[in-house]
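Since the structure comes first, as structure tokens, the remarks are kept for the end.
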Amino acid sequence: MKRVVLAYSGGLDTSVAVRWMIEEWDVEVVCVLVDVGQDVDTAESFDDIRARALAAGAVECVIVDARHEMANEFCANAIAANARYEGKYPLVSALSRPVIVRHLVDQARKFNAQAVAHGCTGKGNDQVRFEVGTHALAPDLDVLAPARNWGMTRADSVDFAQKWNIPIKATKEKIYSIDENLWGRAVECGAMEDPWATPPEEPMTLTRVRTDRPVELTLSFVAGVPVAIDGVEMPLADLIKTLNDRAGSTGYGRIDMVENRRVGIKSREVYECPAALALIAAHADLEDLVLERDVHHEKARLETRWAELVYDGMWFSPLKEALDAFIAETQTHVTGDVRMHFEAPGMMRIVGRRSPKALYDYGLATYDAEDTFQHADSEGYVKIYGLGVKTWAARQGAKHAIPPRP
Ligand code: ARG
């Protein structure tokens, strides 16, 4: 019998997928629940979720704690790349899928499975990320997508779960589809499917305004990696959690956008990602201070490509690897502090930055008495810099000037 390792979340679809694959495809199912920092429903624990997988018929349900891996290897790279897809979305779901894929493949090896499986439908990006990612790590493994084959509506799935005594909490009316991890939350469906409709407050957790006092804090970076808040060092996973709470309490971090999915669909997305946006903003600001101009400008071009690749499921790919090498090289001197001011509702300003590696030179920048810049040197420099334009104007007509009065 074929053995399959399923990426299991504990939700309706992946619970139904366990039993459906057993019945329809006659396979043995091992569930893998990867903890990437998702908040489990307060009334539930990972043990409850594990029990549900076993009740659905899984022969085993492995729980993997990947929170530090998610932070240190995935979020850290996204910060270095100032990664925001289409200039906005910090890749919340896109970052977690390669983490999950890594553990799926690892468990598939451990359990001698011939395939991995996921619960994605055919309309989204996550199927692309699971499948391309799996094949990048294990070209020999099959990838199965039961939810693309079963043709059940949500109500059918609920009936199916009841028929097989799978203890699900879902009801036939599900309002929102939510994916979350350390890096934030993606909230879809319900009223938000109309791009004109104001997103409801109800499904939001990280960006609900919980204070009317401003929040000021200082973030410290070493070689591009955030290491401390207000001088208190902590592992990146903890720092992200703390920042989600502190910055999010002022309502900062919500994104409402229409984005282009890999599969050709435009979708309205609402995200909550206070820590991700704050860390990227602070990191980019520190780079303004320490990166040499040409490196800085080139990096900005490549960052766009990096975010597209990761969004498109190419985390494990040769171009992404090559861009990572470039980005890593640029981070050597990105060390210093950034001071941020958050104020409800949802406002953020960077109010100060400093670095022992700053290229900012007070003597060169100041207009005061300490000025060390040689003003006279500029005369010849500017003359030669503008020489081509001057020649063009003289020979081919300065057509942009206001015409002489009659
Ligand atoms: N549109 C976002 C992305 O593609 C969010 C996806 C959320 N995933 C989900 N299964 N609900 O990254």
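In the structure tokens, chains take the letters A, B, ... in the order shown, each chain's residues start at 1, and ligands count up from 1 in the order shown.
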
Test item: residues at most 12 Å from Lys266 in chain A, only C-alpha atoms, excluding those fewer than 3 positions along its chain, as a ChimeraX atom specification: /A:123-125,193-195,257-263,269

May I have the residues from that selection written out with N, CA and C atoms, as a PDB file, in the first residue's frame?
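File written: out.pdb
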```
ATOM      1  N   LYS A 123      -7.166  26.898  -7.012  1.00  0.00           N
ATOM      2  CA  LYS A 123      -7.254  28.323  -7.342  1.00  0.00           C
ATOM      3  C   LYS A 123      -6.158  29.187  -6.742  1.00  0.00           C
ATOM      4  N   GLY A 124      -5.349  28.589  -5.869  1.00  0.00           N
ATOM      5  CA  GLY A 124      -4.461  29.439  -5.085  1.00  0.00           C
ATOM      6  C   GLY A 124      -2.987  29.289  -5.394  1.00  0.00           C
ATOM      7  N   ASN A 125      -2.201  30.037  -4.631  1.00  0.00           N
ATOM      8  CA  ASN A 125      -0.748  29.993  -4.776  1.00  0.00           C
ATOM      9  C   ASN A 125      -0.127  28.859  -3.970  1.00  0.00           C
ATOM     10  N   GLU A 193     -14.687  39.543  -0.257  1.00  0.00           N
ATOM     11  CA  GLU A 193     -14.617  39.146  -1.666  1.00  0.00           C
ATOM     12  C   GLU A 193     -15.111  40.258  -2.586  1.00  0.00           C
ATOM     13  N   ASP A 194     -15.793  41.248  -2.011  1.00  0.00           N
ATOM     14  CA  ASP A 194     -16.109  42.461  -2.769  1.00  0.00           C
ATOM     15  C   ASP A 194     -15.015  43.481  -2.464  1.00  0.00           C
ATOM     16  N   PRO A 195     -14.182  43.799  -3.456  1.00  0.00           N
ATOM     17  CA  PRO A 195     -13.033  44.686  -3.183  1.00  0.00           C
ATOM     18  C   PRO A 195     -13.447  46.085  -2.722  1.00  0.00           C
ATOM     19  N   MET A 257      -5.413  44.955   0.014  1.00  0.00           N
ATOM     20  CA  MET A 257      -4.900  45.090  -1.353  1.00  0.00           C
ATOM     21  C   MET A 257      -5.553  44.103  -2.317  1.00  0.00           C
ATOM     22  N   VAL A 258      -5.433  44.417  -3.594  1.00  0.00           N
ATOM     23  CA  VAL A 258      -5.808  43.469  -4.641  1.00  0.00           C
ATOM     24  C   VAL A 258      -4.501  42.966  -5.235  1.00  0.00           C
ATOM     25  N   GLU A 259      -4.305  41.660  -5.226  1.00  0.00           N
ATOM     26  CA  GLU A 259      -3.021  41.136  -5.698  1.00  0.00           C
ATOM     27  C   GLU A 259      -3.184  40.154  -6.844  1.00  0.00           C
ATOM     28  N   ASN A 260      -2.104  39.956  -7.578  1.00  0.00           N
ATOM     29  CA  ASN A 260      -2.087  39.026  -8.708  1.00  0.00           C
ATOM     30  C   ASN A 260      -1.555  37.684  -8.260  1.00  0.00           C
ATOM     31  N   ARG A 261      -2.437  36.683  -8.232  1.00  0.00           N
ATOM     32  CA  ARG A 261      -1.978  35.334  -7.908  1.00  0.00           C
ATOM     33  C   ARG A 261      -1.204  34.742  -9.076  1.00  0.00           C
ATOM     34  N   ARG A 262      -0.403  33.726  -8.765  1.00  0.00           N
ATOM     35  CA  ARG A 262       0.390  33.037  -9.779  1.00  0.00           C
ATOM     36  C   ARG A 262      -0.501  32.401 -10.851  1.00  0.00           C
ATOM     37  N   VAL A 263      -1.720  31.995 -10.433  1.00  0.00           N
ATOM     38  CA  VAL A 263      -2.590  31.269 -11.349  1.00  0.00           C
ATOM     39  C   VAL A 263      -3.513  32.188 -12.158  1.00  0.00           C
ATOM     40  N   GLU A 269      -7.121  40.849  -0.774  1.00  0.00           N
ATOM     41  CA  GLU A 269      -6.511  40.230   0.395  1.00  0.00           C
ATOM     42  C   GLU A 269      -6.413  41.244   1.522  1.00  0.00           C
TER      43      GLU A 269
END
```

Please check which protein, DNA or RNA residues sit within 10 Å of ligand 1, counting only C-alpha atoms and all ligand atoms, and write them as a ChimeraX atom specification. /A:85,89-97,119-121,123-129,176-180,185-189,257-262,266-271,310-313

Quick one: write out the picked residues with C-alpha atoms as a PDB file, in the first residue's frame?
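As written to disk, selection_18.pdb reads:
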```pdb
ATOM      1  CA  TYR A  85       5.276  41.299  -3.100  1.00  0.00           C
ATOM      2  CA  TYR A  89       2.555  42.020   0.937  1.00  0.00           C
ATOM      3  CA  PRO A  90       5.384  40.696   3.144  1.00  0.00           C
ATOM      4  CA  LEU A  91       4.847  37.091   1.957  1.00  0.00           C
ATOM      5  CA  VAL A  92       3.210  35.702   5.094  1.00  0.00           C
ATOM      6  CA  SER A  93       1.849  32.447   3.608  1.00  0.00           C
ATOM      7  CA  ALA A  94       4.510  32.279   0.907  1.00  0.00           C
ATOM      8  CA  LEU A  95       7.258  32.142   3.561  1.00  0.00           C
ATOM      9  CA  SER A  96       5.721  29.342   5.607  1.00  0.00           C
ATOM     10  CA  ARG A  97       5.113  26.898   2.767  1.00  0.00           C
ATOM     11  CA  GLY A 119      -5.198  20.324   1.176  1.00  0.00           C
ATOM     12  CA  CYS A 120      -5.062  23.205  -1.319  1.00  0.00           C
ATOM     13  CA  THR A 121      -7.629  23.804  -4.012  1.00  0.00           C
ATOM     14  CA  LYS A 123      -7.254  28.323  -7.342  1.00  0.00           C
ATOM     15  CA  GLY A 124      -4.461  29.439  -5.085  1.00  0.00           C
ATOM     16  CA  ASN A 125      -0.748  29.993  -4.776  1.00  0.00           C
ATOM     17  CA  ASP A 126      -0.170  27.523  -1.979  1.00  0.00           C
ATOM     18  CA  GLN A 127      -0.586  24.466  -4.230  1.00  0.00           C
ATOM     19  CA  VAL A 128       2.201  25.894  -6.415  1.00  0.00           C
ATOM     20  CA  ARG A 129       4.458  26.429  -3.403  1.00  0.00           C
ATOM     21  CA  TYR A 176     -13.431  33.515   6.626  1.00  0.00           C
ATOM     22  CA  SER A 177     -10.392  31.673   5.354  1.00  0.00           C
ATOM     23  CA  ILE A 178      -7.427  32.481   7.561  1.00  0.00           C
ATOM     24  CA  ASP A 179      -3.811  31.431   7.237  1.00  0.00           C
ATOM     25  CA  GLU A 180      -1.407  32.491   9.931  1.00  0.00           C
ATOM     26  CA  ARG A 185      -2.168  36.591   9.124  1.00  0.00           C
ATOM     27  CA  ALA A 186      -3.922  36.405   5.761  1.00  0.00           C
ATOM     28  CA  VAL A 187      -7.682  36.884   5.989  1.00  0.00           C
ATOM     29  CA  GLU A 188      -9.835  36.060   2.979  1.00  0.00           C
ATOM     30  CA  CYS A 189     -13.478  35.408   1.992  1.00  0.00           C
ATOM     31  CA  MET A 257      -4.900  45.090  -1.353  1.00  0.00           C
ATOM     32  CA  VAL A 258      -5.808  43.469  -4.641  1.00  0.00           C
ATOM     33  CA  GLU A 259      -3.021  41.136  -5.698  1.00  0.00           C
ATOM     34  CA  ASN A 260      -2.087  39.026  -8.708  1.00  0.00           C
ATOM     35  CA  ARG A 261      -1.978  35.334  -7.908  1.00  0.00           C
ATOM     36  CA  ARG A 262       0.390  33.037  -9.779  1.00  0.00           C
ATOM     37  CA  LYS A 266      -6.780  38.817  -9.003  1.00  0.00           C
ATOM     38  CA  SER A 267      -7.806  38.548  -5.383  1.00  0.00           C
ATOM     39  CA  ARG A 268      -8.668  40.967  -2.611  1.00  0.00           C
ATOM     40  CA  GLU A 269      -6.511  40.230   0.395  1.00  0.00           C
ATOM     41  CA  VAL A 270      -6.438  41.612   3.886  1.00  0.00           C
ATOM     42  CA  TYR A 271      -3.307  40.997   5.924  1.00  0.00           C
ATOM     43  CA  VAL A 310       9.192  33.553  -3.203  1.00  0.00           C
ATOM     44  CA  TYR A 311       5.553  34.438  -3.885  1.00  0.00           C
ATOM     45  CA  ASP A 312       5.634  32.171  -6.933  1.00  0.00           C
ATOM     46  CA  GLY A 313       6.860  29.141  -4.983  1.00  0.00           C
TER      47      GLY A 313
END
```

Just list the residues in range 77-203 of chain A DSSP gives helix (DSSP H, G or I) on the backbone, as a ChimeraX atom specification. /A:77-80,92-110,126-137,146-149,154-163,190-193

Please dump the current selection as a short mmCIF file (atom, residue, chain, number, x, y, z; two decimals), in the first residue's frame; keep N, CA and C atoms.
```cif
data_model
loop_
_atom_site.label_atom_id
_atom_site.label_comp_id
_atom_site.auth_asym_id
_atom_site.auth_seq_id
_atom_site.Cartn_x
_atom_site.Cartn_y
_atom_site.Cartn_z
N ASN A 77 15.71 36.13 6.17
CA ASN A 77 16.04 36.39 4.76
C ASN A 77 15.07 37.39 4.12
N ALA A 78 13.81 37.30 4.52
CA ALA A 78 12.81 38.22 3.97
C ALA A 78 13.08 39.65 4.45
N ILE A 79 13.57 39.78 5.67
CA ILE A 79 13.92 41.12 6.18
C ILE A 79 15.12 41.66 5.39
N ALA A 80 16.13 40.82 5.22
CA ALA A 80 17.33 41.25 4.47
C ALA A 80 16.94 41.71 3.08
N VAL A 92 3.56 36.51 3.92
CA VAL A 92 3.21 35.70 5.09
C VAL A 92 3.06 34.20 4.78
N SER A 93 2.09 33.87 3.92
CA SER A 93 1.85 32.45 3.61
C SER A 93 2.98 31.89 2.74
N ALA A 94 3.46 32.72 1.84
CA ALA A 94 4.51 32.28 0.91
C ALA A 94 5.78 31.86 1.64
N LEU A 95 6.04 32.48 2.80
CA LEU A 95 7.26 32.14 3.56
C LEU A 95 7.11 30.84 4.33
N SER A 96 5.88 30.53 4.76
CA SER A 96 5.72 29.34 5.61
C SER A 96 5.69 28.06 4.78
N ARG A 97 5.26 28.14 3.53
CA ARG A 97 5.11 26.90 2.77
C ARG A 97 6.43 26.16 2.56
N PRO A 98 7.52 26.85 2.22
CA PRO A 98 8.78 26.10 2.09
C PRO A 98 9.26 25.48 3.42
N VAL A 99 8.92 26.10 4.55
CA VAL A 99 9.27 25.50 5.85
C VAL A 99 8.51 24.18 6.00
N ILE A 100 7.21 24.25 5.69
CA ILE A 100 6.36 23.06 5.82
C ILE A 100 6.85 21.96 4.86
N VAL A 101 7.16 22.38 3.64
CA VAL A 101 7.62 21.42 2.62
C VAL A 101 8.87 20.68 3.10
N ARG A 102 9.80 21.43 3.69
CA ARG A 102 11.02 20.81 4.17
C ARG A 102 10.72 19.67 5.14
N HIS A 103 9.76 19.92 6.06
CA HIS A 103 9.44 18.90 7.05
C HIS A 103 8.58 17.77 6.47
N LEU A 104 7.76 18.11 5.48
CA LEU A 104 6.99 17.05 4.81
C LEU A 104 7.94 16.06 4.17
N VAL A 105 8.92 16.58 3.47
CA VAL A 105 9.87 15.72 2.76
C VAL A 105 10.70 14.93 3.78
N ASP A 106 11.10 15.59 4.85
CA ASP A 106 11.87 14.92 5.90
C ASP A 106 11.08 13.75 6.49
N GLN A 107 9.80 13.99 6.78
CA GLN A 107 8.97 12.92 7.36
C GLN A 107 8.65 11.85 6.32
N ALA A 108 8.52 12.27 5.06
CA ALA A 108 8.28 11.28 4.00
C ALA A 108 9.45 10.29 3.94
N ARG A 109 10.66 10.80 4.11
CA ARG A 109 11.84 9.92 4.12
C ARG A 109 11.80 9.01 5.34
N LYS A 110 11.50 9.63 6.51
CA LYS A 110 11.50 8.87 7.75
C LYS A 110 10.48 7.73 7.71
N ASP A 126 -0.81 28.46 -2.89
CA ASP A 126 -0.17 27.52 -1.98
C ASP A 126 0.07 26.16 -2.62
N GLN A 127 -0.82 25.72 -3.51
CA GLN A 127 -0.59 24.47 -4.23
C GLN A 127 0.73 24.55 -5.01
N VAL A 128 0.98 25.70 -5.62
CA VAL A 128 2.20 25.89 -6.41
C VAL A 128 3.42 25.77 -5.50
N ARG A 129 3.33 26.43 -4.36
CA ARG A 129 4.46 26.43 -3.40
C ARG A 129 4.72 25.01 -2.87
N PHE A 130 3.67 24.28 -2.54
CA PHE A 130 3.85 22.91 -2.04
C PHE A 130 4.48 22.02 -3.11
N GLU A 131 3.98 22.13 -4.32
CA GLU A 131 4.40 21.17 -5.34
C GLU A 131 5.78 21.49 -5.90
N VAL A 132 5.99 22.75 -6.26
CA VAL A 132 7.30 23.13 -6.79
C VAL A 132 8.36 22.92 -5.70
N GLY A 133 8.01 23.29 -4.47
CA GLY A 133 8.94 23.13 -3.35
C GLY A 133 9.31 21.67 -3.12
N THR A 134 8.31 20.81 -3.11
CA THR A 134 8.57 19.38 -2.89
C THR A 134 9.48 18.83 -3.98
N HIS A 135 9.19 19.18 -5.22
CA HIS A 135 9.99 18.65 -6.31
C HIS A 135 11.42 19.19 -6.31
N ALA A 136 11.59 20.39 -5.71
CA ALA A 136 12.94 20.93 -5.61
C ALA A 136 13.78 20.15 -4.59
N LEU A 137 13.11 19.60 -3.57
CA LEU A 137 13.85 18.87 -2.53
C LEU A 137 13.85 17.37 -2.78
N PRO A 146 -5.80 16.05 -2.87
CA PRO A 146 -7.17 15.53 -2.84
C PRO A 146 -8.24 16.60 -3.05
N ALA A 147 -8.04 17.81 -2.47
CA ALA A 147 -9.09 18.82 -2.57
C ALA A 147 -9.27 19.32 -4.00
N ARG A 148 -8.30 19.02 -4.86
CA ARG A 148 -8.44 19.40 -6.27
C ARG A 148 -9.24 18.34 -7.02
N ASN A 149 -9.41 17.17 -6.37
CA ASN A 149 -10.06 16.06 -7.06
C ASN A 149 -11.45 15.73 -6.54
N ARG A 154 -18.25 22.84 0.68
CA ARG A 154 -17.97 22.86 2.11
C ARG A 154 -19.02 22.03 2.88
N ALA A 155 -20.27 22.18 2.48
CA ALA A 155 -21.35 21.44 3.17
C ALA A 155 -21.13 19.93 2.98
N ASP A 156 -20.73 19.53 1.77
CA ASP A 156 -20.45 18.10 1.53
C ASP A 156 -19.34 17.61 2.47
N SER A 157 -18.32 18.45 2.64
CA SER A 157 -17.19 18.05 3.49
C SER A 157 -17.64 17.88 4.94
N VAL A 158 -18.51 18.78 5.40
CA VAL A 158 -19.02 18.67 6.77
C VAL A 158 -19.81 17.36 6.92
N ASP A 159 -20.65 17.05 5.92
CA ASP A 159 -21.40 15.79 5.96
C ASP A 159 -20.45 14.60 5.97
N PHE A 160 -19.43 14.68 5.13
CA PHE A 160 -18.43 13.60 5.03
C PHE A 160 -17.77 13.38 6.39
N ALA A 161 -17.39 14.47 7.06
CA ALA A 161 -16.74 14.37 8.37
C ALA A 161 -17.69 13.74 9.38
N GLN A 162 -18.96 14.13 9.33
CA GLN A 162 -19.94 13.57 10.27
C GLN A 162 -20.12 12.07 10.04
N LYS A 163 -20.20 11.72 8.75
CA LYS A 163 -20.39 10.31 8.41
C LYS A 163 -19.25 9.45 8.96
N GLY A 190 -15.70 35.88 2.82
CA GLY A 190 -16.75 36.69 3.44
C GLY A 190 -16.95 37.99 2.66
N ALA A 191 -17.26 39.03 3.39
CA ALA A 191 -17.55 40.33 2.78
C ALA A 191 -16.38 40.86 1.96
N MET A 192 -15.17 40.39 2.30
CA MET A 192 -13.98 40.92 1.63
C MET A 192 -13.85 40.50 0.17
N GLU A 193 -14.69 39.54 -0.26
CA GLU A 193 -14.62 39.15 -1.67
C GLU A 193 -15.11 40.26 -2.59
#
```

Glu233 in chain A environment, 12 Å, only C-alpha atoms, sequence neighbours closer than 3 positions dropped, as a list of chain:residue names: A:Thr218, A:Leu219, A:Ser220, A:Phe221, A:Val222, A:Val225, A:Pro226, A:Val227, A:Ala228, A:Ile229, A:Asp230, A:Leu236, A:Ala237, A:Asp238, A:Leu239, A:Thr242

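Backbone DSSP of range 50-196 of chain A yields strand (DSSP E) at Glu60, Cys61, Val62, Ile63, Val64, Asp65, Ala115, Val116, Ala117, Asp142, Val143, Leu144, Ser177, Ile178, Asp179, Glu180, Asn181, Gly184, Arg185, Ala186, Val187 and Glu188 of chain A.
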
Just to be explicit: take each residue in the selection above, keep C-alpha atoms, and write the result as a PDB file, in the first residue's frame.
```
ATOM      1  CA  GLU A  60       0.421   8.793  12.901  1.00  0.00           C
ATOM      2  CA  CYS A  61       0.397  12.554  13.446  1.00  0.00           C
ATOM      3  CA  VAL A  62       3.782  14.138  13.940  1.00  0.00           C
ATOM      4  CA  ILE A  63       4.033  17.644  15.370  1.00  0.00           C
ATOM      5  CA  VAL A  64       7.131  19.605  14.433  1.00  0.00           C
ATOM      6  CA  ASP A  65       8.136  22.827  16.167  1.00  0.00           C
ATOM      7  CA  ALA A 115       4.121  10.791  -1.860  1.00  0.00           C
ATOM      8  CA  VAL A 116       3.297  13.955   0.041  1.00  0.00           C
ATOM      9  CA  ALA A 117      -0.135  15.605   0.010  1.00  0.00           C
ATOM     10  CA  ASP A 142       4.656  12.365  -5.921  1.00  0.00           C
ATOM     11  CA  VAL A 143       2.472  15.224  -4.748  1.00  0.00           C
ATOM     12  CA  LEU A 144      -1.215  14.530  -4.196  1.00  0.00           C
ATOM     13  CA  SER A 177     -10.392  31.673   5.354  1.00  0.00           C
ATOM     14  CA  ILE A 178      -7.427  32.481   7.561  1.00  0.00           C
ATOM     15  CA  ASP A 179      -3.811  31.431   7.237  1.00  0.00           C
ATOM     16  CA  GLU A 180      -1.407  32.491   9.931  1.00  0.00           C
ATOM     17  CA  ASN A 181       2.107  32.116  11.200  1.00  0.00           C
ATOM     18  CA  GLY A 184       1.328  37.515  10.209  1.00  0.00           C
ATOM     19  CA  ARG A 185      -2.168  36.591   9.124  1.00  0.00           C
ATOM     20  CA  ALA A 186      -3.922  36.405   5.761  1.00  0.00           C
ATOM     21  CA  VAL A 187      -7.682  36.884   5.989  1.00  0.00           C
ATOM     22  CA  GLU A 188      -9.835  36.060   2.979  1.00  0.00           C
TER      23      GLU A 188
END
```

Range 359-375 of chain A environment, 9 Å, only C-alpha atoms, sequence neighbours closer than 2 positions dropped, as a list in words: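 My list of contacting residues is Leu289, Val290, Leu291, Glu292, Ser355, Lys357, Asp377, Ser378 and Glu379 of chain A.
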
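With only C-alpha atoms taken into account, the protein and nucleic acid residues at most 12 Å from range 39-44 of chain A (excluding it and anything under 2 positions from it in its own chain) are A:Ser9, A:Gly10, A:Gly11, A:Leu33, A:Val34, A:Asp35, A:Val36, A:Gly37, A:Phe46, A:Asp47, A:Asp48, A:Ile49, A:Arg50, A:Ala51, A:Arg52, A:Arg67, A:Ile168, A:Lys169, A:Ile178, A:Asp179, A:Glu180, A:Asn181, A:Leu182, A:Trp183, A:Gly184, A:Arg185, A:Thr205, A:Leu206, A:Lys241.
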
Based on the selection just made, write N, CA, C and O atoms of those residues as a tab-separated table (two decimals), in the first residue's frame.
```
chain	number	residue	atom	x	y	z
A	9	SER	N	-3.37	20.66	9.03
A	9	SER	CA	-3.54	21.89	9.82
A	9	SER	C	-4.49	21.68	10.98
A	9	SER	O	-4.52	22.47	11.91
A	10	GLY	N	-5.32	20.63	10.89
A	10	GLY	CA	-6.34	20.44	11.92
A	10	GLY	C	-7.69	20.98	11.49
A	10	GLY	O	-8.69	20.77	12.17
A	11	GLY	N	-7.72	21.69	10.38
A	11	GLY	CA	-8.98	22.26	9.88
A	11	GLY	C	-9.83	21.22	9.16
A	11	GLY	O	-9.47	20.04	9.06
A	33	LEU	N	2.00	18.06	11.27
A	33	LEU	CA	1.54	19.40	11.64
A	33	LEU	C	2.79	20.22	11.96
A	33	LEU	O	3.51	19.91	12.91
A	34	VAL	N	3.05	21.22	11.15
A	34	VAL	CA	4.25	22.02	11.36
A	34	VAL	C	3.86	23.31	12.09
A	34	VAL	O	3.04	24.08	11.60
A	35	ASP	N	4.45	23.52	13.24
A	35	ASP	CA	4.19	24.74	14.01
A	35	ASP	C	5.10	25.84	13.50
A	35	ASP	O	6.30	25.86	13.76
A	36	VAL	N	4.51	26.75	12.71
A	36	VAL	CA	5.26	27.89	12.19
A	36	VAL	C	4.83	29.17	12.91
A	36	VAL	O	5.00	30.27	12.40
A	37	GLY	N	4.26	28.98	14.10
A	37	GLY	CA	3.88	30.14	14.91
A	37	GLY	C	2.42	30.51	14.76
A	37	GLY	O	2.01	31.58	15.18
A	46	PHE	N	-2.42	21.48	20.42
A	46	PHE	CA	-1.88	20.61	19.37
A	46	PHE	C	-2.26	19.16	19.64
A	46	PHE	O	-2.42	18.37	18.71
A	47	ASP	N	-2.43	18.81	20.93
A	47	ASP	CA	-2.83	17.43	21.24
A	47	ASP	C	-4.25	17.13	20.72
A	47	ASP	O	-4.52	16.04	20.22
A	48	ASP	N	-5.15	18.13	20.88
A	48	ASP	CA	-6.51	17.94	20.35
A	48	ASP	C	-6.47	17.75	18.84
A	48	ASP	O	-7.20	16.94	18.27
A	49	ILE	N	-5.61	18.54	18.19
A	49	ILE	CA	-5.53	18.47	16.73
A	49	ILE	C	-4.97	17.11	16.31
A	49	ILE	O	-5.45	16.49	15.36
A	50	ARG	N	-3.99	16.65	17.07
A	50	ARG	CA	-3.41	15.34	16.79
A	50	ARG	C	-4.47	14.24	16.93
A	50	ARG	O	-4.59	13.34	16.09
A	51	ALA	N	-5.28	14.37	17.97
A	51	ALA	CA	-6.35	13.38	18.20
A	51	ALA	C	-7.32	13.36	17.02
A	51	ALA	O	-7.82	12.31	16.61
A	52	ARG	N	-7.59	14.54	16.45
A	52	ARG	CA	-8.51	14.62	15.31
A	52	ARG	C	-7.93	13.90	14.09
A	52	ARG	O	-8.65	13.19	13.38
A	67	ARG	N	9.23	26.93	14.70
A	67	ARG	CA	9.11	28.38	14.88
A	67	ARG	C	10.45	29.10	14.75
A	67	ARG	O	10.53	30.16	14.13
A	168	ILE	N	-14.86	17.46	13.99
A	168	ILE	CA	-14.48	18.79	13.49
A	168	ILE	C	-15.25	19.87	14.22
A	168	ILE	O	-16.34	19.63	14.74
A	169	LYS	N	-14.68	21.08	14.23
A	169	LYS	CA	-15.38	22.20	14.87
A	169	LYS	C	-16.09	23.06	13.84
A	169	LYS	O	-16.88	23.92	14.17
A	178	ILE	N	-8.55	31.80	6.90
A	178	ILE	CA	-7.43	32.48	7.56
A	178	ILE	C	-6.20	31.59	7.57
A	178	ILE	O	-6.28	30.40	7.91
A	179	ASP	N	-5.07	32.15	7.14
A	179	ASP	CA	-3.81	31.43	7.24
A	179	ASP	C	-2.89	32.27	8.10
A	179	ASP	O	-2.77	33.48	7.87
A	180	GLU	N	-2.26	31.65	9.09
A	180	GLU	CA	-1.41	32.49	9.93
A	180	GLU	C	-0.15	31.79	10.37
A	180	GLU	O	-0.06	30.56	10.40
A	181	ASN	N	0.84	32.59	10.66
A	181	ASN	CA	2.11	32.12	11.20
A	181	ASN	C	2.78	33.30	11.88
A	181	ASN	O	2.19	34.37	12.02
A	182	LEU	N	4.01	33.05	12.32
A	182	LEU	CA	4.79	34.09	13.01
A	182	LEU	C	4.79	35.43	12.27
A	182	LEU	O	4.78	36.50	12.87
A	183	TRP	N	4.82	35.37	10.94
A	183	TRP	CA	5.02	36.56	10.11
A	183	TRP	C	3.73	37.34	9.89
A	183	TRP	O	3.74	38.41	9.29
A	184	GLY	N	2.57	36.77	10.33
A	184	GLY	CA	1.33	37.51	10.21
A	184	GLY	C	0.15	36.64	9.85
A	184	GLY	O	0.22	35.42	9.93
A	185	ARG	N	-0.94	37.30	9.45
A	185	ARG	CA	-2.17	36.59	9.12
A	185	ARG	C	-2.71	37.05	7.78
A	185	ARG	O	-2.63	38.23	7.45
A	205	THR	N	-7.14	40.12	14.57
A	205	THR	CA	-6.65	39.92	15.93
A	205	THR	C	-5.41	40.77	16.20
A	205	THR	O	-5.33	41.46	17.21
A	206	LEU	N	-4.45	40.75	15.27
A	206	LEU	CA	-3.17	41.42	15.54
A	206	LEU	C	-3.26	42.94	15.45
A	206	LEU	O	-2.48	43.64	16.08
A	241	LYS	N	7.21	38.13	17.81
A	241	LYS	CA	5.98	38.03	18.61
A	241	LYS	C	5.75	39.29	19.45
A	241	LYS	O	4.65	39.84	19.48
```

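Interatomic distance, CA of Ile384 in chain A to CA of Pro404 in chain A: 28.4 Å.
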
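The two atoms in question, CA of Pro235 in chain A and CA of Gly87 in chain A, are spaced 27.4 Å apart.
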
Could you check how far CA of Val334 in chain A sits from CA of Arg254 in chain A, in Å to one decimal? 26.8 Å
